[in-house]
file work.cif (mmCIF, C-alpha atoms and all ligand atoms)
data_start
#
loop_
_atom_site.label_atom_id
_atom_site.label_comp_id
_atom_site.auth_asym_id
_atom_site.auth_seq_id
_atom_site.Cartn_x
_atom_site.Cartn_y
_atom_site.Cartn_z
CA MET R 1 -19.17 -29.58 11.26
CA ALA R 2 -16.64 -28.29 8.69
CA PRO R 3 -18.26 -27.48 5.32
CA MET R 4 -17.72 -30.05 2.56
CA PRO R 5 -15.07 -28.96 0.06
CA ASN R 6 -16.69 -27.73 -3.15
CA PRO R 7 -15.50 -29.99 -6.00
CA SER R 8 -16.07 -27.28 -8.61
CA LEU R 9 -13.44 -25.01 -7.08
CA SER R 10 -9.75 -25.05 -7.91
CA LEU R 11 -7.19 -25.07 -5.10
CA TRP R 12 -6.46 -21.43 -5.91
CA ALA R 13 -10.15 -20.50 -5.71
CA SER R 14 -10.68 -22.20 -2.38
CA ARG R 15 -7.58 -20.50 -1.01
CA LEU R 16 -8.89 -17.15 -2.22
CA ARG R 17 -12.25 -17.81 -0.59
CA GLN R 18 -10.52 -18.29 2.77
CA ASN R 19 -8.72 -14.97 2.47
CA GLN R 20 -10.54 -12.36 4.51
CA GLY R 21 -7.86 -9.66 4.50
CA ILE R 22 -8.05 -7.29 1.57
CA ARG R 23 -11.55 -8.50 0.75
CA SER R 24 -12.92 -7.79 4.21
CA LEU R 25 -11.22 -4.39 4.19
CA MET R 26 -12.63 -3.41 0.81
CA GLU R 27 -16.05 -4.84 1.62
CA ASP R 28 -16.12 -2.73 4.77
CA LEU R 29 -15.54 0.30 2.53
CA GLY R 30 -18.31 -0.79 0.20
CA GLN R 31 -20.81 -1.53 2.99
CA VAL R 32 -20.69 1.93 4.43
CA THR R 33 -24.30 2.97 5.01
CA GLY R 34 -23.75 6.67 5.55
CA HIS R 35 -25.08 6.34 9.11
CA PRO R 36 -23.89 9.40 11.07
CA ASP R 37 -22.34 7.17 13.76
CA GLU R 38 -20.05 5.39 11.30
CA ILE R 39 -16.35 6.01 11.84
CA LEU R 40 -14.31 4.92 8.87
CA LEU R 41 -10.74 4.47 9.97
CA GLY R 42 -10.30 1.19 8.11
CA GLY R 43 -9.80 1.54 4.40
CA GLY R 44 -7.11 3.08 2.24
CA ASN R 45 -9.14 5.89 0.71
CA PRO R 46 -7.18 9.11 0.48
CA ALA R 47 -8.65 12.23 2.05
CA HIS R 48 -11.03 14.43 0.09
CA ILE R 49 -9.01 17.63 -0.19
CA PRO R 50 -11.03 20.43 -1.82
CA GLU R 51 -8.01 22.10 -3.52
CA ALA R 52 -6.95 18.78 -5.04
CA GLU R 53 -10.49 17.91 -6.10
CA GLU R 54 -10.74 21.28 -7.84
CA ILE R 55 -7.66 20.47 -9.92
CA PHE R 56 -9.03 17.06 -10.86
CA ALA R 57 -12.47 18.52 -11.70
CA GLU R 58 -10.84 21.00 -14.05
CA ALA R 59 -8.93 18.21 -15.80
CA PHE R 60 -12.18 16.23 -16.14
CA GLN R 61 -13.93 19.22 -17.65
CA THR R 62 -11.12 19.65 -20.16
CA LEU R 63 -11.53 15.99 -21.14
CA ALA R 64 -15.30 16.25 -21.38
CA LYS R 65 -15.02 19.12 -23.86
CA ASP R 66 -12.17 17.57 -25.83
CA PRO R 67 -12.90 16.18 -29.30
CA LYS R 68 -10.88 13.13 -28.13
CA LEU R 69 -13.76 12.19 -25.79
CA GLY R 70 -15.08 9.91 -28.52
CA ALA R 71 -11.83 7.94 -28.47
CA LEU R 72 -11.70 7.93 -24.65
CA LEU R 73 -15.11 6.34 -24.43
CA GLY R 74 -15.21 4.40 -27.66
CA ASP R 75 -11.77 2.86 -28.31
CA TYR R 76 -9.70 0.25 -26.57
CA GLN R 77 -6.22 1.19 -25.39
CA ALA R 78 -3.33 -1.27 -26.02
CA PRO R 79 -3.01 -3.82 -23.15
CA ILE R 80 -0.48 -1.73 -21.17
CA GLY R 81 -1.24 1.58 -22.88
CA ASN R 82 -0.78 3.16 -26.29
CA ASP R 83 2.75 4.08 -27.28
CA ARG R 84 2.19 7.82 -27.15
CA PHE R 85 1.07 7.69 -23.52
CA ARG R 86 3.92 5.38 -22.58
CA SER R 87 6.42 7.73 -24.25
CA LEU R 88 4.92 10.72 -22.47
CA ALA R 89 5.16 8.94 -19.10
CA ALA R 90 8.77 7.92 -19.82
CA GLU R 91 9.68 11.51 -20.63
CA TYR R 92 7.86 12.92 -17.61
CA LEU R 93 9.16 10.37 -15.11
CA SER R 94 12.82 10.31 -16.28
CA PRO R 95 14.02 13.37 -14.31
CA HIS R 96 11.93 12.35 -11.27
CA LEU R 97 13.30 8.82 -11.22
CA GLY R 98 16.88 9.69 -12.26
CA TYR R 99 17.02 7.46 -15.34
CA ASP R 100 16.67 7.94 -19.09
CA LEU R 101 13.41 5.99 -19.39
CA LYS R 102 11.88 4.95 -22.72
CA LYS R 103 8.37 3.79 -23.53
CA GLY R 104 9.65 0.20 -23.28
CA ASN R 105 10.13 0.81 -19.55
CA ILE R 106 6.52 1.80 -18.91
CA ALA R 107 3.29 -0.17 -18.46
CA PHE R 108 -0.10 1.10 -17.33
CA PHE R 109 -2.56 -0.98 -15.36
CA ASN R 110 -6.02 -0.61 -13.88
CA GLY R 111 -4.52 0.31 -10.53
CA SER R 112 -1.19 -0.82 -9.11
CA GLN R 113 -3.01 -3.64 -7.29
CA ASN R 114 -3.85 -5.01 -10.74
CA ALA R 115 -0.19 -4.68 -11.76
CA TYR R 116 0.98 -6.59 -8.69
CA SER R 117 -1.37 -9.49 -9.29
CA TYR R 118 0.71 -10.09 -12.43
CA LEU R 119 4.12 -8.97 -11.24
CA LEU R 120 4.20 -11.27 -8.23
CA ASN R 121 3.22 -14.26 -10.37
CA ILE R 122 5.86 -13.46 -12.99
CA HIS R 123 8.58 -13.78 -10.38
CA SER R 124 7.34 -16.55 -8.09
CA GLY R 125 5.90 -20.05 -8.09
CA LYS R 126 7.06 -22.90 -10.27
CA MET R 127 9.89 -21.62 -12.49
CA LEU R 128 11.10 -22.72 -15.92
CA ASP R 129 13.96 -24.68 -14.34
CA GLY R 130 11.52 -26.66 -12.16
CA SER R 131 12.43 -24.85 -8.93
CA PHE R 132 9.83 -23.15 -6.71
CA LYS R 133 10.59 -19.52 -5.95
CA LYS R 134 9.10 -17.33 -3.25
CA ILE R 135 8.40 -13.64 -2.78
CA LEU R 136 10.54 -12.29 0.03
CA LEU R 137 8.98 -9.49 2.07
CA PRO R 138 12.12 -8.16 3.77
CA ILE R 139 10.17 -6.43 6.53
CA VAL R 140 6.73 -7.47 7.70
CA PRO R 141 4.16 -6.06 8.40
CA GLU R 142 3.72 -5.35 4.71
CA TYR R 143 0.84 -4.36 2.44
CA ILE R 144 -2.25 -6.57 2.99
CA GLY R 145 -3.03 -6.47 -0.73
CA TYR R 146 -0.03 -8.66 -1.68
CA ALA R 147 -1.23 -11.63 0.37
CA ASP R 148 -2.96 -14.21 -1.79
CA GLN R 149 -2.08 -12.49 -5.06
CA SER R 150 0.13 -15.47 -5.87
CA ILE R 151 -1.69 -18.22 -7.70
CA GLU R 152 0.52 -20.80 -5.96
CA ALA R 153 0.04 -21.41 -2.25
CA ASP R 154 2.82 -20.74 0.22
CA ALA R 155 4.60 -18.25 -2.04
CA PHE R 156 5.54 -15.64 0.56
CA LEU R 157 8.56 -15.64 2.79
CA ALA R 158 9.16 -13.37 5.77
CA THR R 159 11.10 -13.30 9.02
CA ASP R 160 10.61 -11.40 12.27
CA PRO R 161 11.66 -7.78 11.78
CA GLU R 162 13.93 -5.94 14.15
CA VAL R 163 11.88 -3.93 16.63
CA ILE R 164 13.68 -0.71 17.48
CA PRO R 165 12.38 1.46 20.34
CA THR R 166 12.63 5.07 19.18
CA GLY R 167 11.11 7.01 22.11
CA LYS R 168 8.33 6.98 24.67
CA HIS R 169 5.39 5.08 23.11
CA ARG R 170 7.29 4.88 19.81
CA PHE R 171 9.07 2.14 17.90
CA ARG R 172 10.13 1.26 14.42
CA TYR R 173 10.66 -1.94 12.43
CA GLY R 174 14.11 -2.50 10.95
CA LEU R 175 15.55 -4.84 8.36
CA ASN R 176 16.65 -8.08 10.01
CA LYS R 177 19.91 -8.55 8.11
CA THR R 178 20.95 -11.66 10.00
CA LYS R 179 17.94 -13.55 8.63
CA PHE R 180 18.08 -12.16 5.08
CA ASP R 181 18.23 -15.29 2.95
CA LEU R 182 17.67 -15.36 -0.81
CA SER R 183 18.15 -19.08 -1.39
CA LYS R 184 14.47 -19.83 -2.19
CA VAL R 185 13.58 -16.42 -3.51
CA GLY R 186 12.33 -15.23 -6.94
CA CYS R 187 11.90 -11.56 -6.07
CA VAL R 188 11.99 -9.15 -3.15
CA ALA R 189 9.02 -6.81 -2.62
CA LEU R 190 8.44 -3.84 -0.37
CA SER R 191 6.27 -0.75 -0.20
CA ARG R 192 7.93 2.61 0.52
CA PRO R 193 6.41 4.25 2.52
CA THR R 194 5.16 0.99 3.92
CA ASN R 195 1.47 0.39 4.23
CA PRO R 196 0.51 -0.33 7.09
CA THR R 197 3.27 1.09 9.31
CA GLY R 198 4.35 4.35 7.69
CA ASN R 199 7.90 3.01 7.75
CA ILE R 200 10.34 4.20 5.10
CA LEU R 201 13.22 1.86 4.47
CA SER R 202 16.44 3.85 4.05
CA ASN R 203 18.21 3.93 0.69
CA LYS R 204 21.20 2.48 2.53
CA ASP R 205 19.21 -0.61 3.56
CA ILE R 206 17.73 -0.91 0.08
CA GLU R 207 21.20 -0.78 -1.44
CA TRP R 208 22.40 -3.40 1.06
CA MET R 209 19.67 -5.74 -0.16
CA GLU R 210 20.29 -4.83 -3.77
CA GLU R 211 23.96 -5.82 -3.54
CA ARG R 212 22.67 -9.31 -2.77
CA THR R 213 19.69 -9.47 -5.15
CA LYS R 214 21.89 -8.32 -8.05
CA LYS R 215 24.33 -11.18 -7.52
CA GLN R 216 21.43 -13.58 -8.11
CA ASN R 217 19.73 -11.50 -10.79
CA LEU R 218 16.62 -11.15 -8.62
CA PRO R 219 14.26 -8.25 -9.20
CA LEU R 220 13.62 -5.78 -6.40
CA LEU R 221 10.01 -4.56 -6.47
CA ILE R 222 9.44 -1.20 -4.82
CA ASP R 223 5.85 -0.07 -4.45
CA LEU R 224 5.70 3.73 -4.45
CA ALA R 225 1.93 4.11 -4.04
CA TYR R 226 2.53 6.70 -1.27
CA GLY R 227 6.07 7.57 -2.31
CA ASN R 228 7.91 9.71 -4.83
CA PRO R 229 7.32 11.35 -7.22
CA PHE R 230 3.61 11.59 -6.25
CA PRO R 231 2.00 11.89 -3.70
CA ASN R 232 5.53 12.00 -2.27
CA LEU R 233 4.47 11.47 1.34
CA ILE R 234 8.03 10.59 2.39
CA GLY R 235 8.79 13.22 5.01
CA SER R 236 12.48 13.98 5.04
CA GLU R 237 13.57 10.66 3.50
CA GLU R 238 15.41 10.38 0.18
CA PRO R 239 13.38 9.58 -2.94
CA ILE R 240 13.73 6.29 -4.80
CA HIS R 241 15.30 6.28 -8.26
CA TYR R 242 14.91 3.73 -11.01
CA ARG R 243 17.91 1.47 -11.62
CA ASP R 244 18.47 -1.71 -13.60
CA GLY R 245 17.16 -4.63 -11.55
CA ARG R 246 14.41 -2.56 -9.92
CA THR R 247 10.72 -2.61 -10.73
CA LEU R 248 8.90 0.45 -9.44
CA SER R 249 5.15 0.88 -9.23
CA LEU R 250 3.31 4.17 -9.05
CA SER R 251 -0.36 4.91 -8.53
CA PHE R 252 -2.83 7.73 -9.07
CA SER R 253 -4.89 6.51 -6.13
CA LYS R 254 -3.18 8.17 -3.22
CA ILE R 255 -3.00 11.57 -4.94
CA GLY R 256 -6.79 11.46 -4.65
CA LEU R 257 -7.97 9.44 -7.66
CA PRO R 258 -8.56 5.86 -6.45
CA GLY R 259 -11.78 5.68 -8.45
CA VAL R 260 -9.89 6.23 -11.70
CA ARG R 261 -7.83 3.05 -11.23
CA LEU R 262 -4.52 3.98 -12.84
CA GLY R 263 -1.27 2.29 -11.85
CA MET R 264 2.11 2.46 -13.61
CA VAL R 265 4.99 0.05 -13.64
CA VAL R 266 8.53 1.15 -14.45
CA SER R 267 10.82 -1.76 -15.25
CA ASP R 268 13.11 -3.35 -17.81
CA PRO R 269 11.69 -4.04 -21.30
CA ILE R 270 11.48 -7.82 -20.80
CA THR R 271 9.39 -7.49 -17.64
CA ILE R 272 7.24 -4.85 -19.34
CA GLU R 273 6.65 -7.08 -22.38
CA THR R 274 5.74 -9.98 -20.09
CA LEU R 275 3.30 -7.72 -18.27
CA SER R 276 1.80 -6.80 -21.63
CA SER R 277 1.08 -10.47 -22.35
CA TYR R 278 -0.52 -10.88 -18.96
CA ALA R 279 -2.53 -7.67 -19.34
CA ALA R 280 -3.88 -8.72 -22.73
CA VAL R 281 -5.11 -12.00 -21.28
CA GLY R 282 -6.42 -10.67 -17.99
CA ASN R 283 -7.65 -7.17 -18.84
CA LEU R 284 -7.61 -6.87 -22.62
CA ALA R 285 -6.64 -3.24 -22.12
CA VAL R 286 -5.90 -0.63 -19.51
CA GLY R 287 -8.83 1.78 -19.04
CA ASN R 288 -8.67 5.05 -20.96
CA LEU R 289 -9.77 7.49 -18.32
CA GLY R 290 -6.62 7.30 -16.22
CA VAL R 291 -4.18 7.63 -19.09
CA TYR R 292 -6.08 10.54 -20.64
CA LEU R 293 -6.09 12.30 -17.28
CA MET R 294 -2.41 11.53 -16.89
CA ASP R 295 -1.82 13.16 -20.25
CA ILE R 296 -3.19 16.44 -18.86
CA LEU R 297 -1.57 16.17 -15.41
CA PHE R 298 1.88 15.30 -16.80
CA ARG R 299 1.87 17.79 -19.69
CA LYS R 300 0.96 20.64 -17.35
CA ASP R 301 3.34 19.32 -14.69
CA ILE R 302 0.56 19.55 -12.10
CA LEU R 303 1.59 16.72 -9.78
CA THR R 304 4.83 18.20 -8.46
CA ASN R 305 3.06 21.25 -7.09
CA LEU R 306 0.03 19.27 -5.99
CA SER R 307 2.23 16.93 -3.95
CA LYS R 308 4.44 19.63 -2.49
CA ASN R 309 1.97 22.40 -1.78
CA ILE R 310 -1.33 20.63 -1.16
CA LEU R 311 -0.97 16.92 -0.31
CA ARG R 312 2.16 16.98 1.87
CA PRO R 313 1.09 19.89 4.10
CA PHE R 314 -2.40 18.41 4.42
CA TYR R 315 -1.21 14.96 5.49
CA ASP R 316 1.53 16.35 7.75
CA LYS R 317 -1.04 18.38 9.64
CA LYS R 318 -3.50 15.48 9.80
CA ARG R 319 -0.85 13.14 11.15
CA GLU R 320 0.05 15.50 13.99
CA LEU R 321 -3.62 16.05 14.77
CA ALA R 322 -4.37 12.31 14.80
CA LEU R 323 -1.38 11.57 17.04
CA SER R 324 -2.47 14.15 19.57
CA ILE R 325 -6.13 13.00 19.52
CA PHE R 326 -5.32 9.29 19.90
CA GLU R 327 -2.54 9.71 22.43
CA SER R 328 -4.61 11.94 24.67
CA GLU R 329 -7.52 9.43 24.63
CA PHE R 330 -5.14 6.53 25.34
CA LYS R 331 -3.65 8.41 28.29
CA LYS R 332 -7.05 9.40 29.61
CA HIS R 333 -8.18 5.75 29.62
CA GLY R 334 -4.88 4.27 30.87
CA VAL R 335 -4.29 2.38 27.62
CA GLU R 336 -0.85 0.86 27.12
CA TYR R 337 0.22 1.56 23.56
CA GLU R 338 3.10 1.97 21.16
CA ILE R 339 2.90 3.67 17.77
CA HIS R 340 5.18 2.96 14.84
CA ASP R 341 7.02 6.16 13.83
CA PRO R 342 4.69 7.53 11.14
CA LEU R 343 7.38 8.54 8.66
CA GLY R 344 5.18 8.59 5.56
CA GLY R 345 1.89 7.55 4.00
CA PHE R 346 -1.32 8.16 5.93
CA PHE R 347 -1.78 5.37 8.44
CA LEU R 348 -1.03 4.84 12.11
CA TRP R 349 0.16 1.38 13.15
CA ILE R 350 -0.63 0.99 16.81
CA ARG R 351 0.38 -1.77 19.18
CA PHE R 352 -1.56 -2.59 22.35
CA PRO R 353 0.88 -4.89 24.16
CA ASN R 354 -1.37 -5.59 27.10
CA MET R 355 -4.65 -6.70 25.54
CA SER R 356 -6.54 -9.78 26.70
CA VAL R 357 -8.12 -10.18 23.25
CA THR R 358 -6.55 -10.51 19.81
CA ASN R 359 -6.50 -7.68 17.30
CA HIS R 360 -9.04 -9.59 15.21
CA LYS R 361 -11.44 -9.70 18.16
CA LEU R 362 -10.75 -6.01 18.77
CA TYR R 363 -11.71 -5.28 15.15
CA HIS R 364 -15.10 -6.96 15.75
CA LEU R 365 -15.64 -5.18 19.06
CA CYS R 366 -14.98 -1.87 17.29
CA LYS R 367 -17.18 -2.78 14.34
CA ASP R 368 -20.04 -3.48 16.76
CA LYS R 369 -19.78 0.20 17.69
CA ARG R 370 -19.62 1.22 14.01
CA LEU R 371 -15.91 2.00 14.29
CA PHE R 372 -13.95 0.48 11.38
CA ILE R 373 -10.25 -0.28 11.84
CA VAL R 374 -8.05 -2.99 10.29
CA SER R 375 -6.74 -5.88 12.34
CA GLY R 376 -2.97 -6.15 12.05
CA HIS R 377 -2.86 -9.93 11.75
CA TYR R 378 -3.43 -9.75 7.99
CA PHE R 379 -0.18 -7.92 7.31
CA PHE R 380 2.30 -10.73 7.88
CA PRO R 381 2.14 -13.00 4.81
CA GLY R 382 4.86 -15.63 4.84
CA LEU R 383 5.73 -15.21 8.51
CA ASN R 384 5.69 -18.50 10.39
CA SER R 385 6.59 -17.43 13.90
CA ASP R 386 4.68 -16.38 16.99
CA PHE R 387 5.84 -12.76 16.76
CA SER R 388 3.52 -11.00 19.21
CA HIS R 389 2.86 -8.01 16.93
CA THR R 390 0.79 -10.24 14.64
CA GLN R 391 -1.80 -10.41 17.44
CA ASP R 392 -1.71 -7.02 19.10
CA CYS R 393 -1.41 -4.36 16.38
CA ILE R 394 -4.00 -2.49 14.36
CA ARG R 395 -3.90 -0.07 11.44
CA LEU R 396 -6.00 3.01 11.12
CA THR R 397 -6.14 5.85 8.63
CA TYR R 398 -5.92 9.49 9.64
CA CYS R 399 -7.56 10.75 6.43
CA ARG R 400 -10.92 11.32 8.06
CA PRO R 401 -12.38 14.57 9.49
CA GLU R 402 -11.22 15.67 12.94
CA GLU R 403 -14.50 14.99 14.73
CA GLU R 404 -14.59 11.45 13.29
CA LEU R 405 -11.02 10.82 14.45
CA ALA R 406 -11.98 12.12 17.89
CA ARG R 407 -15.03 9.85 18.18
CA GLY R 408 -12.98 6.92 16.88
CA ALA R 409 -10.17 7.53 19.36
CA HIS R 410 -12.62 7.69 22.23
CA ILE R 411 -14.35 4.42 21.34
CA LEU R 412 -11.08 2.61 20.61
CA ALA R 413 -9.51 3.75 23.88
CA GLU R 414 -12.59 2.68 25.86
CA ILE R 415 -12.66 -0.78 24.28
CA VAL R 416 -8.94 -1.41 24.66
CA ALA R 417 -8.97 -0.15 28.26
CA SER R 418 -11.73 -2.60 29.14
CA HIS R 419 -9.80 -5.50 27.58
CA GLN R 420 -6.37 -5.00 29.14
CA THR R 421 -4.78 -7.56 31.40
CA LYS R 422 -3.83 -5.78 34.61
CA SER R 423 -0.28 -4.45 34.58
CA GLU R 424 1.73 -5.18 37.68
C1 LIG N 501 1.11 -0.05 -0.66
C2 LIG N 501 0.00 -0.10 -1.64
N1 LIG N 501 0.26 -0.57 -2.86
C3 LIG N 501 -0.69 -0.65 -3.79
C4 LIG N 501 -1.98 -0.26 -3.52
C5 LIG N 501 -3.01 -0.42 -4.58
O1 LIG N 501 -3.38 0.82 -5.08
P1 LIG N 501 -4.14 1.00 -6.44
O2 LIG N 501 -4.49 -0.35 -7.00
O3 LIG N 501 -5.34 1.79 -6.10
O4 LIG N 501 -3.16 1.71 -7.34
C6 LIG N 501 -2.31 0.23 -2.26
C7 LIG N 501 -3.70 0.63 -1.94
O5 LIG N 501 -4.09 0.80 -0.83
C8 LIG N 501 -1.29 0.31 -1.30
O6 LIG N 501 -1.55 0.75 -0.08
#
call {"tool": "encode", "arguments": {"input": "work.cif", "output": "structure tokens"}}
result
Amino acid sequence: MAPMPNPSLSLWASRLRQNQGIRSLMEDLGQVTGHPDEILLGGGNPAHIPEAEEIFAEAFQTLAKDPKLGALLGDYQAPIGNDRFRSLAAEYLSPHLGYDLKKGNIAFFNGSQNAYSYLLNIHSGKMLDGSFKKILLPIVPEYIGYADQSIEADAFLATDPEVIPTGKHRFRYGLNKTKFDLSKVGCVALSRPTNPTGNILSNKDIEWMEERTKKQNLPLLIDLAYGNPFPNLIGSEEPIHYRDGRTLSLSFSKIGLPGVRLGMVVSDPITIETLSSYAAVGNLAVGNLGVYLMDILFRKDILTNLSKNILRPFYDKKRELALSIFESEFKKHGVEYEIHDPLGGFFLWIRFPNMSVTNHKLYHLCKDKRLFIVSGHYFFPGLNSDFSHTQDCIRLTYCRPEEELARGAHILAEIVASHQTKSE
């Protein structure tokens, strides 16, 4: 029997309670027991890289000895950050983002996830003119964390992407220009590199969309959590610059500091002021730790070198290693598979086109063996079609140690092989 609806819950709350995507993923991270058999290929934690951790530890020690520690621990920051930190970020980011940024272009949040929970609601839902506007995700799959951030139901819009074969066992999603329709849209949002696929939308495609969004004065939100200027995991692709009409978000998480919870938004002063109102109501203030750390990392210009000389080489090597480990297990077990070209970020998006079970069932079968992956079905908010990839793709991280990747690949290949429909 279906449970009785709880009369003390709002529509929004009951919708949130049904959402098992980002919550299940983060709860998996939090429920890790430390059992030696656990294989954690699910969550979005960055890798623990000793050289990077040494740099962060040194910055922490500087803060701990600083006479400003009293203020760090004992004073509130302004809702989106004190002016001096916002000015410093504007000055530091200007050359990286190709724009003469001012403090009025900068807002800090307790993680970029926190920023998006406001940003998406600023630009979607019931508008001042009475219309209802949606968030267009121009290519799905797209970041699981956006789904259900809108207070209004049914706020996302997406269409089937182009699926472009790029080689043996490889494919890529492309922008489906024929279905690009802005008539019900309040903003367009994408992550670059894209979590979960590792796709990187070309600047040419972004400019194609921007020609259209500009005509309707619609903001283009570009999430740079894995992108430039840090950690800059964008392979050989061009960086993104700030321009009028764009809202960029940056994060300290994927450089190795997810526990610090610092996200930054770069946008026009009206959007930034609106975010400040939201932040005051929802957060009171951004946390101090992240902005004080940023002060050190930006002043000493540490992140450019960190990204170029430590993070990029580390993740490049890991990606190649993970590809060879997983592909050799798949071949050994006769698994049919396709992998999205991993152009950036640190995930593999893998399709098993011949499975007799859904990706959600596969997730549970893996979890039973203490292997954590993420089912791909969560990554298609707003898509109302029977696109097969919603049922047969998974995401996994390659941030984990080699032996864990190897055990994970073995278990995954065995499970998929035993749940394939016979190929003719
Ligand atoms: C694409 C993308 N955007 C935003 C976030 C949120 O990051 P944070 O809130 O830690 O800055 C993540 C985290 O996994 C992400 O993958």
call {"tool": "residues_near_ligand", "arguments": {"input": "work.cif", "ligand": "ligand LIG 501 (chain N)", "cutoff": "7 Å", "atoms": "all atoms listed in the file", "output": "PyMOL selection string"}}
result
chain R and resi 44+111-114+143+145+191+194-195+223+225-226+251-253+258+261-263
call {"tool": "atom_distance", "arguments": {"input": "work.cif", "atom1": "CA of Ala57 in chain R", "atom2": "CA of Asn309 in chain R"}}
result
17.9 Å
call {"tool": "closest_residue", "arguments": {"input": "work.cif", "among": "R:Asn232, R:Gln77, R:Ser14, R:Gln391", "to": "Val286 in chain R", "atoms": "only C-alpha atoms"}}
result
R:Gln77
call {"tool": "atom_distance", "arguments": {"input": "work.cif", "atom1": "CA of Val185 in chain R", "atom2": "CA of Glu162 in chain R"}}
result
20.5 Å
call {"tool": "atom_distance", "arguments": {"input": "work.cif", "atom1": "CA of Ala47 in chain R", "atom2": "CA of Pro231 in chain R"}}
result
12.1 Å
call {"tool": "closest_residue", "arguments": {"input": "work.cif", "among": "R:Ile325, R:Phe298, R:Ile151, R:Asp160", "to": "Gly408 in chain R", "atoms": "all atoms listed in the file"}}
result
R:Ile325
call {"tool": "residues_near_point", "arguments": {"input": "work.cif", "point": "(7.1, 5.6, -13.6)", "cutoff": "12 Å", "atoms": "all atoms listed in the file", "output": "NGL selection string"}}
result
:R and (85-109 or 112 or 222-225 or 227-230 or 240-243 or 246-252 or 262-268 or 272 or 294 or 298)
call {"tool": "closest_residue", "arguments": {"input": "work.cif", "among": "R:Ile411, R:Leu311, R:Ile270, R:Cys187", "to": "Gly235 in chain R", "atoms": "only C-alpha atoms"}}
result
R:Leu311
call {"tool": "closest_residue", "arguments": {"input": "work.cif", "among": "R:Thr213, R:Cys366, R:Leu371, R:Ala413", "to": "Lys332 in chain R", "atoms": "all atoms listed in the file"}}
result
R:Ala413
call {"tool": "closest_residue", "arguments": {"input": "work.cif", "among": "R:Lys254, R:His377, R:Phe326, R:Cys393", "to": "Leu303 in chain R", "atoms": "all atoms listed in the file"}}
result
R:Lys254
call {"tool": "closest_residue", "arguments": {"input": "work.cif", "among": "R:Gly198, R:Gly21, R:Pro342, R:Pro138", "to": "Thr178 in chain R", "atoms": "only C-alpha atoms"}}
result
R:Pro138
call {"tool": "residues_around", "arguments": {"input": "work.cif", "residues": "His48 in chain R", "least_positions_apart": "3", "cutoff": "8 Å", "atoms": "only C-alpha atoms", "output": "VMD selection string"}}
result
chain R and resid 52 to 53 256
call {"tool": "residues_near_point", "arguments": {"input": "work.cif", "point": "(1.4, -7.9, -9.1)", "cutoff": "10 Å", "atoms": "only C-alpha atoms", "output": "number ranges by chain"}}
result
R: 112-123, 145-146, 149-150, 221, 249, 265, 275
call {"tool": "closest_atom_pairs", "arguments": {"input": "work.cif", "of": "range 138-256 of chain R", "to": "range 127-133 of chain R", "cutoff": "12 Å", "atoms": "all atoms listed in the file", "output": "CSV"}}
result
residue,atom,partner,partner_atom,distance
R:Ser150,CA,R:Lys133,CA,11.2
R:Glu152,CA,R:Phe132,CA,9.6
R:Ala153,CA,R:Phe132,CA,10.9
R:Asp154,CA,R:Lys133,CA,10.0
R:Ala155,CA,R:Lys133,CA,7.3
R:Phe156,CA,R:Lys133,CA,9.1
R:Leu157,CA,R:Lys133,CA,9.8
R:Leu182,CA,R:Lys133,CA,9.7
R:Ser183,CA,R:Lys133,CA,8.8
R:Lys184,CA,R:Lys133,CA,5.4
R:Val185,CA,R:Lys133,CA,5.0
R:Gly186,CA,R:Lys133,CA,4.7
R:Cys187,CA,R:Lys133,CA,8.1
R:Val188,CA,R:Lys133,CA,10.8
R:Leu218,CA,R:Lys133,CA,10.7
